[in-house]
>>> print(open('model_33.txt').read())   # compact mmCIF, C-alpha atoms and all ligand atoms
# COMPACT_ATOMS: atom_id res chain seq x y z
CA MET A 1 104.45 95.42 109.02
CA GLU A 2 104.58 93.02 111.92
CA GLU A 3 107.05 93.47 114.72
CA GLY A 4 108.60 90.03 114.16
CA THR A 5 109.24 90.76 110.50
CA LEU A 6 110.80 94.09 111.38
CA LYS A 7 113.10 92.44 113.93
CA LYS A 8 114.23 89.94 111.29
CA LEU A 9 114.98 92.76 108.87
CA ILE A 10 116.98 94.64 111.48
CA SER A 11 118.96 91.48 112.28
CA ASN A 12 120.37 91.75 108.75
CA ILE A 13 121.85 95.15 109.54
CA LYS A 14 125.43 95.29 110.78
CA CYS A 15 126.63 97.24 113.80
CA SER A 16 128.26 100.51 112.69
CA SER A 17 131.09 100.01 115.21
CA CYS A 18 132.19 96.42 114.73
CA ARG A 19 130.20 95.24 111.64
CA GLN A 20 128.63 92.35 113.58
CA ARG A 21 125.01 91.62 112.62
CA TYR A 22 122.39 92.40 115.22
CA GLU A 23 120.63 89.43 116.76
CA SER A 24 116.84 89.58 116.66
CA GLN A 25 116.57 89.04 120.44
CA ASN A 26 118.62 92.22 120.91
CA VAL A 27 116.29 94.29 118.76
CA GLU A 28 113.52 96.14 120.57
CA VAL A 29 110.73 98.14 119.00
CA LEU A 30 110.36 101.37 120.97
CA GLY A 31 107.35 102.62 119.11
CA CYS A 32 105.82 103.32 115.77
CA SER A 33 103.74 105.91 114.04
CA ASP A 34 101.91 105.56 110.75
CA GLN A 35 104.97 104.82 108.61
CA MET A 36 107.91 105.14 111.00
CA TRP A 37 109.25 102.56 113.41
CA PHE A 38 111.69 103.45 116.18
CA ILE A 39 113.91 100.53 117.02
CA GLN A 40 116.69 100.06 119.52
CA ALA A 41 119.36 97.52 118.66
CA LEU A 42 122.09 96.27 120.95
CA CYS A 43 125.21 94.77 119.42
CA SER A 44 126.01 91.47 121.12
CA SER A 45 129.68 91.82 120.21
CA CYS A 46 130.70 95.35 121.24
CA HIS A 47 127.56 96.24 123.25
CA THR A 48 126.98 99.46 121.32
CA GLN A 49 123.38 100.59 121.37
CA SER A 50 121.93 102.04 118.21
CA LEU A 51 118.68 103.75 117.44
CA VAL A 52 117.20 102.80 114.07
CA VAL A 53 114.38 104.72 112.47
CA ALA A 54 112.74 102.67 109.75
CA MET A 55 110.29 104.10 107.28
CA VAL A 56 107.81 101.53 106.08
CA GLN A 57 105.52 102.34 103.21
CA LYS A 58 102.42 100.34 102.64
CA THR A 59 102.29 99.03 99.12
CA ARG A 60 99.12 99.02 97.17
CA HIS A 61 98.16 95.81 95.51
CA PRO A 62 99.05 96.17 91.84
CA GLU A 63 96.28 96.03 89.30
CA PRO A 64 96.26 92.63 87.61
CA VAL A 65 97.48 92.61 84.03
CA THR A 66 94.82 90.92 81.97
CA ASP A 67 93.12 90.96 78.60
CA LEU A 68 89.81 90.01 80.20
CA THR A 69 86.96 92.49 80.25
CA ARG A 70 85.26 93.35 83.55
CA THR A 71 82.40 91.01 82.59
CA GLU A 72 84.80 88.15 81.88
CA GLN A 73 86.64 88.77 85.15
CA GLY A 74 83.31 88.66 87.00
CA LYS A 75 82.49 85.35 85.32
CA PHE A 76 85.73 83.78 86.56
CA VAL A 77 85.25 85.13 90.08
CA ILE A 78 81.89 83.34 90.19
CA THR A 79 83.20 80.06 88.78
CA GLY A 80 86.01 79.82 91.31
CA ALA A 81 89.34 78.07 91.06
CA VAL A 82 90.06 74.99 88.98
CA ASN A 83 89.68 71.92 91.17
CA SER A 84 90.51 68.22 90.87
CA ASP A 85 87.13 67.43 89.27
CA ASP A 86 87.87 69.94 86.52
CA LEU A 87 91.24 68.33 85.91
CA LEU A 88 89.68 64.89 85.78
CA LYS A 89 87.13 66.08 83.21
CA MET A 90 89.89 67.58 81.10
CA HIS A 91 91.97 64.42 81.40
CA ASN A 92 89.04 62.26 80.28
CA TYR A 93 88.29 64.64 77.43
CA LEU A 94 91.90 64.64 76.21
CA LYS A 95 92.02 60.84 76.28
CA THR A 96 89.54 60.77 73.42
CA PHE A 97 90.56 64.04 71.72
CA ASP A 98 91.84 63.39 68.22
CA GLY A 99 93.88 66.60 67.93
CA ASP A 100 91.52 68.34 65.50
CA PHE A 101 91.61 71.89 66.91
CA MET A 102 89.89 73.37 63.84
CA CYS A 103 86.85 71.26 64.59
CA LEU A 104 87.02 72.29 68.22
CA PHE A 105 87.03 76.04 67.54
CA GLU A 106 84.63 76.02 64.59
CA SER A 107 81.84 74.01 66.09
CA ASN A 108 81.74 75.76 69.47
CA LYS A 109 79.48 72.89 70.44
CA THR A 110 82.05 70.86 72.27
CA GLN A 111 81.49 71.01 75.98
CA LEU A 112 84.07 69.85 78.44
ZN ZN A 201 129.14 96.11 117.50
>>> encode(input="model_33.txt", output="structure tokens")
Amino acid sequence: MEEGTLKKLISNIKCSSCRQRYESQNVEVLGCSDQMWFIQALCSSCHTQSLVVAMVQKTRHPEPVTDLTRTEQGKFVITGAVNSDDLLKMHNYLKTFDGDFMCLFESNKTQL
């Protein structure tokens, strides 16, 4: 986690003495270890200093939910994202498409 993000998060915490929210410029990161951040916060209202220990866990990227096989996923990684040319081709194809989906799926010859 970046220091700026942490300061913003701490600025949403209220002072335990007067319930005033901390201001990000009054939040100072004292240090951090692997998952723990030590933060000093000064209340701008009652001038109480507080020490905050925040535990930050790194999240793993979740596995994508998909019906695609590994081979199919590899195919789409190679082909890249849909771009404006792809959309234009689809648009031109749909302009002349007569709505006969059975023909489309049976023939397997139609190329976009
Ligand atoms: Zn206060």
>>> residues_near_ligand(input="model_33.txt", ligand="ligand ZN 201 (chain A)", cutoff="9 Å", atoms="all atoms listed in the file", output="ChimeraX atom specification")
/A:14-22,42-49
>>> residues_around(input="model_33.txt", residues="Pro64 of chain A", least_positions_apart="5", cutoff="12 Å", atoms="all atoms listed in the file", output="PyMOL selection string")
chain A and resi 69-70+73
>>> atom_distance(input="model_33.txt", atom1="atom CA of Leu9 of chain A", atom2="atom CA of Ala41 of chain A")
11.7 Å
>>> atom_distance(input="model_33.txt", atom1="atom CA of Gln57 of chain A", atom2="atom CA of Trp37 of chain A")
10.9 Å
>>> atom_distance(input="model_33.txt", atom1="atom CA of Met55 of chain A", atom2="atom CA of Gln25 of chain A")
21.0 Å
>>> residues_around(input="model_33.txt", residues="Ser24 of chain A", least_positions_apart="2", cutoff="8 Å", atoms="only C-alpha atoms", output="list in words")
Lys7, Lys8, Ile10, Ser11, Tyr22, Asn26 and Val27 of chain A
>>> residues_around(input="model_33.txt", residues="Gln35 of chain A", least_positions_apart="5", cutoff="12 Å", atoms="all atoms listed in the file", output="number ranges by chain")
A: 1, 53-59
>>> residues_around(input="model_33.txt", residues="Leu30 of chain A", least_positions_apart="6", cutoff="8 Å", atoms="only C-alpha atoms", output="ChimeraX atom specification")
/A:37-40
>>> axis_aligned_box(input="model_33.txt", around="segment 74-93 of chain A", padding_each_side="8 Å", output="lines of an AutoDock Vina configuration file")
center_x = 86.9
center_y = 75.5
center_z = 84.4
size_x = 26.1
size_y = 42.4
size_z = 29.9
